[in-house]
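Asks: Dumping the structure here so I can ask a few things about it.
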Number of protein chains: 2
Amino acid sequence: MSTDAADLARLASLLADETRAAMCLALLDGRAWTAGELAAHAGVARSTATEHLHRLIGGGLLAEERQGRHRYVRLADPAAAQLIEDLSAHLTPAVAPARGLRQAASSAAMKRARTCYDHLAGELGVAVADAMTAKGLLDQRAGFALTDDGLAWLTTDAGLDPADLRRSRRPLARGCLDWTERRPHLAGVAGARLCERFMAQRWVVRIGTGRAVKVTPAGREGLRALLGID
Amino acid sequence: MSTDAADLARLASLLADETRAAMCLALLDGRAWTAGELAAHAGVARSTATEHLHRLIGGGLLAEERQGRHRYVRLADPAAAQLIEDLSAHLTPAVAPARGLRQAASSAAMKRARTCYDHLAGELGVAVADAMTAKGLLDQRAGFALTDDGLAWLTTDAGLDPADLRRSRRPLARGCLDWTERRPHLAGVAGARLCERFMAQRWVVRIGTGRAVKVTPAGREGLRALLGID
DNA sequence: GCAACCGTTCGGCGCCGGCCGAAGCGTGCA
DNA sequence: TGCACGCTTCGGCCGGCGCCGAACGGTTGC
């Protein structure tokens, strides 16, 4: 009873601090950051960052990997990423208004295409989900699930490994609310593997060091052939 | 950028206090509580409860209705309920161990059948979802969505109003992780309307004042005919 | 070996937030 | 009209938490 509430409060308190929230949002790019990078990103002293990282790791949200004098830290698992996504999804309604001018350039690229932890997001991510829906691979009318055709398509046309898809205990497909498009894109194992494959084929490549990505000419070609996009 | 983190932190901080968390969990029963009831439930002075309610209402999580000298408070909307469910879902893995003896009786009833905000949960809730899946009305293999047959079934066999189902901007169907069964049951508009209808037909009735419910003899009959349950 | 660098620990500071009890306000009932 | 009751406001107390800078240890590279 009350211990349940205590657990919930403990979990929520991990994200209830602006500095920790900024760190977690940064880590949503799915990559490992060093403690110093996160400190700089969040605008606090390194000593302060250390304490926050302790709490986040102790709470199970983050995992660390020590390499030499660096301490790399990343989201502990897809469930942790989903937790942060879930919370973020609940505050978009209020955040609507426009951004500053300087952020316009980078946010335009972000809006176009980016990663969301381990899958694609932005206009690109939503376009993929929409194209799959149009082809009857995805059913978004009443929930969010791959159809029979969609399951088959993943392992034939998209070239994913069926054994690998079955292995994971994560949901195969789920909707993840896109915070720029305000509509769901494809997440879950299927979303992750698809993103991975697009990257491996260099259909999609990262722009710089952030979360933003772009579609290459080969990707433009491939996505048209595979899904009829653009 | 940083304002995003601030918003996330602000949202999380609403649930980052044990007292507020206890209140929100209590309100997950979908009903309106008075401020005094919540104070007693959480074990704090009424003045303290008042302050917490201010924060929760100001944060958009709760809504109030004043009636005479009473102040009734409930979850603001289904999105608020989902937020709390989402967070709760992320802490169940850790909470596994058994409960005390005194709670055994009430928790047995809770485990069997209860409401989760506005839909059915517990063994009953999962059984409904499973039966629907077995009949091809629900697809849980790769996501969570009603099938074509499921959509038709809702308005014919289950007797729901098609216009009403279309009206809402909430998702029609979504999975909600059942924290006793550790598997998803049916939430979203479909789940809510189905629960409503079962209650109206007195197939399912509340036990006392809590969240626990039970299946009546008529319900046993009806559920067998409708879904082949039990 | 020394220097540069990353991360951690520690002490100390200041503030915010949760809690209570007493007093006050409004509603409803007798 | 009065009293009981539910809720709120206010002042004050306390603890915890976030922050920093200084000192320290471990790793890398010169």
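Just so we're on the same page: first chain in the structure tokens is A, next is B, and so on; residues restart at 1 for each chain, and ligands are numbered from 1 in the order they show up.
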Just want the 9 Å neighbourhood of DT9 of chain C, counted on only C-alpha atoms (C1' of nucleotides), with same-chain residues fewer than 3 positions away dropped. Output as a ChimeraX atom specification.
Replies: /A:47 /D:23-24
Asks: May I ask you to extract the residues of chain B within 8 Å of chain C, using only C-alpha atoms (C1' of nucleotides), and to give them as a PDB file with N, CA and C atoms, in the first residue's frame?
Replies:
ATOM      1  N   ALA B  45      -2.109  15.631   7.770  1.00  0.00           N
ATOM      2  CA  ALA B  45      -3.114  16.591   8.216  1.00  0.00           C
ATOM      3  C   ALA B  45      -3.880  17.134   7.011  1.00  0.00           C
ATOM      4  N   THR B  48      -2.152  19.833   5.162  1.00  0.00           N
ATOM      5  CA  THR B  48      -1.096  19.339   4.279  1.00  0.00           C
ATOM      6  C   THR B  48      -1.677  18.810   2.975  1.00  0.00           C
ATOM      7  N   GLY B  68     -21.005  22.102  -2.312  1.00  0.00           N
ATOM      8  CA  GLY B  68     -21.261  22.506  -0.942  1.00  0.00           C
ATOM      9  C   GLY B  68     -19.970  22.673  -0.197  1.00  0.00           C
ATOM     10  N   ARG B  69     -19.890  22.087   0.960  1.00  0.00           N
ATOM     11  CA  ARG B  69     -18.669  22.251   1.741  1.00  0.00           C
ATOM     12  C   ARG B  69     -17.651  21.171   1.430  1.00  0.00           C
TER      13      ARG B  69
END
Asks: Would you list, as number ranges by chain, the residues of chain A that end up in strand (DSSP E) under DSSP run on this structure's backbone?
Replies: A: 33-34, 62-67, 70-75, 114-116, 119-121, 138-139, 143-146, 174-177, 184-187, 204-206, 213-215
Asks: Based on the selection just made, write N, CA and C atoms of those residues as a compact mmCIF listing (two decimals), in the first residue's frame.
Replies:
# COMPACT_ATOMS: atom_id res chain seq x y z
N TRP A 33 27.35 8.72 -22.98
CA TRP A 33 28.02 10.00 -22.77
C TRP A 33 29.00 9.85 -21.61
N THR A 34 30.03 10.67 -21.60
CA THR A 34 30.90 10.67 -20.44
C THR A 34 30.28 11.58 -19.38
N LEU A 62 19.98 4.36 -15.33
CA LEU A 62 21.19 4.46 -16.15
C LEU A 62 22.11 3.29 -15.85
N ALA A 63 22.97 3.01 -16.80
CA ALA A 63 24.00 2.00 -16.61
C ALA A 63 25.34 2.63 -16.96
N GLU A 64 26.40 2.17 -16.30
CA GLU A 64 27.70 2.78 -16.55
C GLU A 64 28.66 1.76 -17.13
N GLU A 65 29.66 2.29 -17.81
CA GLU A 65 30.72 1.47 -18.36
C GLU A 65 31.99 2.26 -18.17
N ARG A 66 32.89 1.72 -17.40
CA ARG A 66 34.12 2.46 -17.14
C ARG A 66 35.18 2.04 -18.13
N GLN A 67 35.81 3.04 -18.70
CA GLN A 67 36.87 2.79 -19.67
C GLN A 67 37.99 3.74 -19.35
N HIS A 70 37.70 7.39 -18.20
CA HIS A 70 36.37 7.88 -18.55
C HIS A 70 35.30 7.00 -17.93
N ARG A 71 34.18 7.62 -17.67
CA ARG A 71 33.04 6.85 -17.20
C ARG A 71 31.92 7.13 -18.18
N TYR A 72 31.63 6.13 -18.96
CA TYR A 72 30.55 6.27 -19.93
C TYR A 72 29.25 5.85 -19.28
N VAL A 73 28.21 6.57 -19.61
CA VAL A 73 26.92 6.29 -19.00
C VAL A 73 25.86 6.34 -20.09
N ARG A 74 24.91 5.42 -20.01
CA ARG A 74 23.83 5.37 -21.00
C ARG A 74 22.55 4.92 -20.32
N LEU A 75 21.45 5.01 -21.02
CA LEU A 75 20.20 4.52 -20.46
C LEU A 75 20.33 3.02 -20.20
N ARG A 114 15.43 12.20 -36.96
CA ARG A 114 16.33 12.01 -35.82
C ARG A 114 16.12 10.61 -35.26
N THR A 115 16.98 10.25 -34.33
CA THR A 115 16.73 9.01 -33.63
C THR A 115 16.03 9.33 -32.32
N CYS A 116 15.27 8.36 -31.85
CA CYS A 116 14.59 8.45 -30.57
C CYS A 116 15.01 7.19 -29.84
N HIS A 119 15.33 4.07 -32.32
CA HIS A 119 14.53 3.99 -33.53
C HIS A 119 14.41 5.36 -34.19
N LEU A 120 13.77 5.41 -35.33
CA LEU A 120 13.68 6.65 -36.09
C LEU A 120 12.51 7.51 -35.64
N ALA A 121 12.71 8.82 -35.68
CA ALA A 121 11.64 9.74 -35.31
C ALA A 121 11.68 10.95 -36.21
N LEU A 138 0.90 -2.21 -40.95
CA LEU A 138 0.75 -1.71 -39.59
C LEU A 138 -0.71 -1.31 -39.43
N ASP A 139 -1.26 -1.60 -38.26
CA ASP A 139 -2.65 -1.24 -38.01
C ASP A 139 -2.68 -0.20 -36.91
N GLY A 143 -5.41 0.97 -31.88
CA GLY A 143 -4.24 0.45 -31.21
C GLY A 143 -3.04 0.63 -32.09
N PHE A 144 -2.04 -0.19 -31.90
CA PHE A 144 -0.83 -0.06 -32.69
C PHE A 144 -0.18 -1.43 -32.77
N ALA A 145 -0.29 -2.09 -33.90
CA ALA A 145 0.25 -3.44 -34.03
C ALA A 145 0.60 -3.75 -35.47
N LEU A 146 1.60 -4.59 -35.63
CA LEU A 146 1.93 -5.11 -36.95
C LEU A 146 0.84 -6.08 -37.37
N ARG A 174 5.58 -1.12 -30.94
CA ARG A 174 4.71 -0.27 -30.15
C ARG A 174 4.78 1.13 -30.71
N GLY A 175 3.77 1.93 -30.41
CA GLY A 175 3.76 3.30 -30.87
C GLY A 175 4.52 4.17 -29.89
N CYS A 176 5.25 5.14 -30.41
CA CYS A 176 5.97 6.08 -29.56
C CYS A 176 5.59 7.45 -30.06
N LEU A 177 4.98 8.25 -29.18
CA LEU A 177 4.46 9.53 -29.63
C LEU A 177 5.61 10.45 -30.03
N PRO A 184 2.16 9.00 -33.62
CA PRO A 184 3.09 7.92 -33.24
C PRO A 184 3.98 7.46 -34.40
N HIS A 185 5.20 7.10 -34.03
CA HIS A 185 6.07 6.41 -34.99
C HIS A 185 6.37 5.01 -34.42
N LEU A 186 7.07 4.23 -35.20
CA LEU A 186 7.28 2.83 -34.83
C LEU A 186 8.43 2.65 -33.85
N ALA A 187 8.14 2.07 -32.69
CA ALA A 187 9.17 1.75 -31.71
C ALA A 187 9.10 0.27 -31.40
N VAL A 204 20.44 5.96 -44.07
CA VAL A 204 20.30 7.05 -43.12
C VAL A 204 21.62 7.19 -42.38
N VAL A 205 22.11 8.43 -42.25
CA VAL A 205 23.38 8.66 -41.54
C VAL A 205 23.21 9.79 -40.52
N ARG A 206 24.03 9.77 -39.48
CA ARG A 206 23.98 10.81 -38.47
C ARG A 206 24.55 12.12 -38.99
N VAL A 213 19.54 13.01 -37.96
CA VAL A 213 20.05 12.16 -39.04
C VAL A 213 19.52 12.71 -40.36
N LYS A 214 20.07 12.21 -41.45
CA LYS A 214 19.53 12.59 -42.76
C LYS A 214 19.49 11.38 -43.68
N VAL A 215 18.64 11.47 -44.69
CA VAL A 215 18.49 10.40 -45.66
C VAL A 215 19.50 10.63 -46.79
Asks: Between D:DG16, D:DG26, D:DG11, D:DG2, which has the minimum distance to chain A (counting only C-alpha atoms (C1' of nucleotides))?
Replies: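 Looking only at the distances to chain A, the closest residue turns out to be D:DG26.
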Asks: Of the residues B:Glu123, B:Asp149, B:Asp29, B:Glu51, which is the one nearest to Pro78 of chain B, using only C-alpha atoms?
Replies: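 With only C-alpha atoms as the atom set, the closest residue is B:Asp29.
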Asks: Here is a test: counting only C-alpha atoms (C1' of nucleotides), which residue of A:Asp77, A:Asp17, A:Glu221, A:Asp230 is nearest to chain D?
Replies: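 Closest to chain D, using only C-alpha atoms (C1' of nucleotides): A:Asp17.
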Asks: Find the residues in chain D near chain B: any atom within 8 Å counts, using only C-alpha atoms (C1' of nucleotides). Write them as a PyMOL selection string.
Replies: chain D and resi 6-8
Asks: For chain A, which residues have at least one atom within 8 Å of chain B, if we go by only C-alpha atoms? Write them as a ChimeraX atom specification, please.
Replies: /A:2,4-19,21-22,25,79,83,86-88,90-91,139-147,151,171-174
Asks: As an NGL selection string, please: all residues of segment 3-89 of chain B that backbone DSSP puts in helix (DSSP H, G or I).
Replies: :B and (3-14 or 18-27 or 35-42 or 46-58 or 78-89)
Asks: Could you take the residues named above and write them with C-alpha atoms, as a PDB file, in the first residue's frame?
Replies:
ATOM      1  CA  THR B   3      13.034  24.422 -20.749  1.00  0.00           C
ATOM      2  CA  ASP B   4      12.125  20.962 -21.917  1.00  0.00           C
ATOM      3  CA  ALA B   5      14.064  19.483 -19.036  1.00  0.00           C
ATOM      4  CA  ALA B   6      12.418  21.918 -16.660  1.00  0.00           C
ATOM      5  CA  ASP B   7       8.989  20.843 -17.842  1.00  0.00           C
ATOM      6  CA  LEU B   8       9.847  17.197 -17.460  1.00  0.00           C
ATOM      7  CA  ALA B   9      11.225  17.809 -13.986  1.00  0.00           C
ATOM      8  CA  ARG B  10       8.145  19.776 -13.027  1.00  0.00           C
ATOM      9  CA  LEU B  11       5.883  16.982 -14.161  1.00  0.00           C
ATOM     10  CA  ALA B  12       7.900  14.297 -12.423  1.00  0.00           C
ATOM     11  CA  SER B  13       8.094  16.310  -9.225  1.00  0.00           C
ATOM     12  CA  LEU B  14       4.328  16.099  -8.913  1.00  0.00           C
ATOM     13  CA  GLU B  18       5.152   9.804  -1.274  1.00  0.00           C
ATOM     14  CA  THR B  19       2.040  11.564  -0.069  1.00  0.00           C
ATOM     15  CA  ARG B  20       1.113  12.840  -3.522  1.00  0.00           C
ATOM     16  CA  ALA B  21       1.953   9.468  -5.033  1.00  0.00           C
ATOM     17  CA  ALA B  22      -0.362   7.745  -2.559  1.00  0.00           C
ATOM     18  CA  MET B  23      -3.137  10.171  -3.457  1.00  0.00           C
ATOM     19  CA  CYS B  24      -2.733   9.594  -7.171  1.00  0.00           C
ATOM     20  CA  LEU B  25      -2.642   5.832  -6.772  1.00  0.00           C
ATOM     21  CA  ALA B  26      -5.817   6.000  -4.729  1.00  0.00           C
ATOM     22  CA  LEU B  27      -7.476   8.115  -7.399  1.00  0.00           C
ATOM     23  CA  ALA B  35      -9.902  16.214   0.276  1.00  0.00           C
ATOM     24  CA  GLY B  36     -10.434  14.806   3.761  1.00  0.00           C
ATOM     25  CA  GLU B  37     -10.613  11.230   2.555  1.00  0.00           C
ATOM     26  CA  LEU B  38      -7.359  11.635   0.705  1.00  0.00           C
ATOM     27  CA  ALA B  39      -5.735  13.210   3.739  1.00  0.00           C
ATOM     28  CA  ALA B  40      -6.754  10.257   5.899  1.00  0.00           C
ATOM     29  CA  HIS B  41      -5.700   7.766   3.266  1.00  0.00           C
ATOM     30  CA  ALA B  42      -2.276   9.332   2.944  1.00  0.00           C
ATOM     31  CA  ARG B  46      -5.880  18.090   6.128  1.00  0.00           C
ATOM     32  CA  SER B  47      -3.957  21.287   5.762  1.00  0.00           C
ATOM     33  CA  THR B  48      -1.096  19.339   4.279  1.00  0.00           C
ATOM     34  CA  ALA B  49      -3.416  17.542   1.907  1.00  0.00           C
ATOM     35  CA  THR B  50      -4.794  20.856   0.736  1.00  0.00           C
ATOM     36  CA  GLU B  51      -1.349  21.994  -0.304  1.00  0.00           C
ATOM     37  CA  HIS B  52      -0.632  18.790  -2.157  1.00  0.00           C
ATOM     38  CA  LEU B  53      -3.942  18.982  -3.959  1.00  0.00           C
ATOM     39  CA  HIS B  54      -3.115  22.499  -5.043  1.00  0.00           C
ATOM     40  CA  ARG B  55       0.084  21.319  -6.619  1.00  0.00           C
ATOM     41  CA  LEU B  56      -1.527  18.361  -8.316  1.00  0.00           C
ATOM     42  CA  ILE B  57      -4.374  20.429  -9.691  1.00  0.00           C
ATOM     43  CA  GLY B  58      -2.055  23.229 -10.721  1.00  0.00           C
ATOM     44  CA  PRO B  78      -7.535   9.542 -19.053  1.00  0.00           C
ATOM     45  CA  ALA B  79      -4.120  10.894 -20.020  1.00  0.00           C
ATOM     46  CA  ALA B  80      -3.367  11.608 -16.375  1.00  0.00           C
ATOM     47  CA  ALA B  81      -4.427   8.083 -15.458  1.00  0.00           C
ATOM     48  CA  GLN B  82      -2.215   6.680 -18.173  1.00  0.00           C
ATOM     49  CA  LEU B  83       0.737   8.680 -16.913  1.00  0.00           C
ATOM     50  CA  ILE B  84       0.435   7.111 -13.476  1.00  0.00           C
ATOM     51  CA  GLU B  85      -0.107   3.668 -14.952  1.00  0.00           C
ATOM     52  CA  ASP B  86       2.959   4.086 -17.135  1.00  0.00           C
ATOM     53  CA  LEU B  87       5.123   4.964 -14.192  1.00  0.00           C
ATOM     54  CA  SER B  88       3.710   2.186 -12.043  1.00  0.00           C
ATOM     55  CA  ALA B  89       4.413  -0.283 -14.798  1.00  0.00           C
TER      56      ALA B  89
END
Asks: May I ask for the distance between atom CA of Thr156 of chain B and atom CA of Gly136 of chain A, given in Å to one decimal place?
Replies: 24.5 Å
Asks: What is the atom CA of Ala76 of chain B to atom CA of Leu61 of chain B distance in Å?
Replies: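 About the pair atom CA of Ala76 of chain B and atom CA of Leu61 of chain B: they are 5.4 Å apart.
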Asks: Grab the atom CA of Gly191 of chain A to atom CA of Asp118 of chain A distance for me, in Å with one decimal place.
Replies: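 Those two atoms sit 7.6 Å apart.
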